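Colleague: Before I ask anything, here is the structure I am working with.
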Amino acid sequence: MQNLQLTYRMEPAGSHGVWSLDDFQFLPFIWGSSQLLDHKRLLPKSFPDADISSSFYKDYMFLGCINFINQVKTGPFAEHSNQLWNISGVALWSKVNSGLIKMYKAEVLAKFPVIQHFLFGSLLSIKPADDS
């Protein structure tokens, strides 16, 4: 996806600007934060540091996303990626991960203009989940 964005200078449709995680993607942040659960040295507060993301972007998906953002955006990280900057203040990756999952459910899956294009079937049912 990132190669397409760079090659064709793609711009997002319906961008949330600085208030979104990334103009194009969300799931890599969830999966990437899962990779960092219980990591002893890489804490959430360290990912806005460009040296950290550029050193570990090949090993951790989350840091790969941050590294890409640092390549395509200019200015202070707190200004161009405010939502991510706020996430860096969370103490534990487990809290980051659970928060991102809640955010994904609210900002993506709960939005009809997005979910109307999903294909539902036996693996991904449209039936409401049980409350238990």
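All residue names refer to the structure tokens as shown: chains lettered A, B, ... in order, residues numbered from 1 in each chain, ligands numbered from 1 in order.
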List as a compact mmCIF listing (two decimals) with C-alpha atoms, in the first residue's frame the protein and nucleic acid residues near Trp93 in chain A, meaning an atom at most 8 Å away when only C-alpha atoms are counted, but skip any in the same chain fewer than 5 places from it.
Modeller:
# COMPACT_ATOMS: atom_id res chain seq x y z
CA SER A 33 1.04 -2.86 18.85
CA SER A 34 0.31 -6.58 19.42
CA LEU A 36 5.16 -4.98 21.07
CA LEU A 37 3.12 -6.38 23.98
CA ASP A 38 5.44 -7.04 26.93
CA LEU A 43 7.88 1.55 25.31
CA PRO A 44 5.02 3.55 23.78
Colleague: I'd like the contact shell of Phe62 in chain A - 9 Å cut-off, only C-alpha atoms, skipping same-chain residues fewer than 6 positions apart - returned as an mmCIF file with all heavy atoms, in the first residue's frame.
Modeller:
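Final file, part-v4.cif:
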data_model
loop_
_atom_site.group_PDB
_atom_site.id
_atom_site.type_symbol
_atom_site.label_atom_id
_atom_site.label_comp_id
_atom_site.auth_asym_id
_atom_site.auth_seq_id
_atom_site.Cartn_x
_atom_site.Cartn_y
_atom_site.Cartn_z
ATOM 1 N N PRO A 28 -2.608 -2.064 10.574
ATOM 2 C CA PRO A 28 -1.196 -2.305 10.910
ATOM 3 C C PRO A 28 -0.794 -1.743 12.280
ATOM 4 O O PRO A 28 0.101 -2.278 12.925
ATOM 5 C CB PRO A 28 -0.429 -1.608 9.787
ATOM 6 C CG PRO A 28 -1.373 -1.620 8.640
ATOM 7 C CD PRO A 28 -2.734 -1.435 9.260
ATOM 8 N N PHE A 29 -1.475 -0.704 12.734
ATOM 9 C CA PHE A 29 -1.176 -0.175 14.059
ATOM 10 C C PHE A 29 -1.660 -1.145 15.138
ATOM 11 O O PHE A 29 -0.987 -1.335 16.152
ATOM 12 C CB PHE A 29 -1.829 1.198 14.254
ATOM 13 C CG PHE A 29 -1.160 2.286 13.464
ATOM 14 C CD1 PHE A 29 -1.665 2.677 12.240
ATOM 15 C CD2 PHE A 29 -0.027 2.916 13.937
ATOM 16 C CE1 PHE A 29 -1.052 3.673 11.497
ATOM 17 C CE2 PHE A 29 0.596 3.918 13.206
ATOM 18 C CZ PHE A 29 0.083 4.293 11.977
ATOM 19 N N ILE A 30 -2.812 -1.758 14.921
ATOM 20 C CA ILE A 30 -3.311 -2.748 15.886
ATOM 21 C C ILE A 30 -2.382 -3.959 15.915
ATOM 22 O O ILE A 30 -1.946 -4.396 16.977
ATOM 23 C CB ILE A 30 -4.753 -3.173 15.544
ATOM 24 C CG1 ILE A 30 -5.709 -1.981 15.703
ATOM 25 C CG2 ILE A 30 -5.203 -4.335 16.422
ATOM 26 C CD1 ILE A 30 -7.128 -2.251 15.249
ATOM 27 N N TRP A 31 -2.109 -4.511 14.735
ATOM 28 C CA TRP A 31 -1.233 -5.687 14.673
ATOM 29 C C TRP A 31 0.159 -5.358 15.198
ATOM 30 O O TRP A 31 0.776 -6.155 15.897
ATOM 31 C CB TRP A 31 -1.148 -6.208 13.251
ATOM 32 C CG TRP A 31 -2.468 -6.692 12.721
ATOM 33 C CD1 TRP A 31 -3.513 -7.202 13.437
ATOM 34 C CD2 TRP A 31 -2.890 -6.698 11.361
ATOM 35 N NE1 TRP A 31 -4.557 -7.529 12.594
ATOM 36 C CE2 TRP A 31 -4.199 -7.234 11.311
ATOM 37 C CE3 TRP A 31 -2.286 -6.310 10.171
ATOM 38 C CZ2 TRP A 31 -4.918 -7.390 10.134
ATOM 39 C CZ3 TRP A 31 -2.999 -6.463 8.989
ATOM 40 C CH2 TRP A 31 -4.296 -6.998 8.982
ATOM 41 N N GLY A 32 0.659 -4.184 14.855
ATOM 42 C CA GLY A 32 1.990 -3.783 15.301
ATOM 43 C C GLY A 32 2.076 -3.574 16.799
ATOM 44 O O GLY A 32 3.072 -3.932 17.432
ATOM 45 N N SER A 33 1.022 -3.018 17.396
ATOM 46 C CA SER A 33 1.038 -2.861 18.851
ATOM 47 C C SER A 33 0.966 -4.221 19.537
ATOM 48 O O SER A 33 1.507 -4.406 20.624
ATOM 49 C CB SER A 33 -0.098 -1.945 19.319
ATOM 50 O OG SER A 33 -1.368 -2.494 19.040
ATOM 51 N N SER A 34 0.332 -5.211 18.882
ATOM 52 C CA SER A 34 0.311 -6.577 19.417
ATOM 53 C C SER A 34 1.719 -7.171 19.448
ATOM 54 O O SER A 34 2.068 -7.901 20.377
ATOM 55 C CB SER A 34 -0.583 -7.482 18.567
ATOM 56 O OG SER A 34 -1.916 -7.061 18.627
ATOM 57 N N GLN A 35 2.520 -6.860 18.433
ATOM 58 C CA GLN A 35 3.903 -7.352 18.401
ATOM 59 C C GLN A 35 4.719 -6.825 19.582
ATOM 60 O O GLN A 35 5.644 -7.474 20.037
ATOM 61 C CB GLN A 35 4.615 -6.874 17.134
ATOM 62 C CG GLN A 35 4.379 -7.669 15.903
ATOM 63 C CD GLN A 35 5.252 -7.116 14.786
ATOM 64 O OE1 GLN A 35 5.132 -5.948 14.413
ATOM 65 N NE2 GLN A 35 6.134 -7.952 14.267
ATOM 66 N N LEU A 36 4.367 -5.640 20.041
ATOM 67 C CA LEU A 36 5.165 -4.980 21.072
ATOM 68 C C LEU A 36 4.661 -5.247 22.491
ATOM 69 O O LEU A 36 5.243 -4.739 23.450
ATOM 70 C CB LEU A 36 5.211 -3.476 20.793
ATOM 71 C CG LEU A 36 6.006 -3.105 19.539
ATOM 72 C CD1 LEU A 36 5.670 -1.707 19.063
ATOM 73 C CD2 LEU A 36 7.490 -3.249 19.785
ATOM 74 N N PHE A 47 8.148 5.701 20.578
ATOM 75 C CA PHE A 47 7.943 5.618 19.130
ATOM 76 C C PHE A 47 7.927 6.948 18.385
ATOM 77 O O PHE A 47 8.255 6.975 17.205
ATOM 78 C CB PHE A 47 6.723 4.747 18.774
ATOM 79 C CG PHE A 47 5.379 5.363 18.990
ATOM 80 C CD1 PHE A 47 4.870 6.300 18.109
ATOM 81 C CD2 PHE A 47 4.588 4.961 20.054
ATOM 82 C CE1 PHE A 47 3.617 6.842 18.296
ATOM 83 C CE2 PHE A 47 3.335 5.496 20.243
ATOM 84 C CZ PHE A 47 2.845 6.452 19.362
ATOM 85 N N SER A 53 12.129 4.724 15.446
ATOM 86 C CA SER A 53 11.363 4.117 14.348
ATOM 87 C C SER A 53 12.254 3.737 13.175
ATOM 88 O O SER A 53 12.059 2.696 12.553
ATOM 89 C CB SER A 53 10.222 5.035 13.890
ATOM 90 O OG SER A 53 10.712 6.232 13.341
#
Colleague: In Å, how far is it from CA of Asp59 in chain A to CA of Arg41 in chain A?
Modeller: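 Rounded to one decimal, the two atoms are 13.8 Å apart.
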Colleague: Quick one: residues within 10 Å of Tyr104 in chain A, only C-alpha atoms, excluding same-chain residues fewer than 6 positions away - as a PDB file with C-alpha atoms, in the first residue's frame?
Modeller:
ATOM      1  CA  PHE A  26      -5.454   1.453  10.733  1.00  0.00           C
ATOM      2  CA  LEU A  27      -5.015  -2.321  11.112  1.00  0.00           C
ATOM      3  CA  ILE A  30      -3.311  -2.748  15.886  1.00  0.00           C
ATOM      4  CA  SER A  98      -6.884  -2.447  23.537  1.00  0.00           C
ATOM      5  CA  ALA A 110     -19.458   1.044  13.308  1.00  0.00           C
TER       6      ALA A 110
END
Colleague: Can you work out the spacing between CA of Ala78 in chain A and CA of Cys65 in chain A in Å, to one decimal?
Modeller: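 Computing it gives 15.5 Å between the two atoms.
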Colleague: Between CA of Gln25 in chain A and CA of Leu92 in chain A, measure the distance and give it in Å to one decimal.
Modeller: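 Atom-to-atom, CA of Gln25 in chain A to CA of Leu92 in chain A, that is 22.2 Å.
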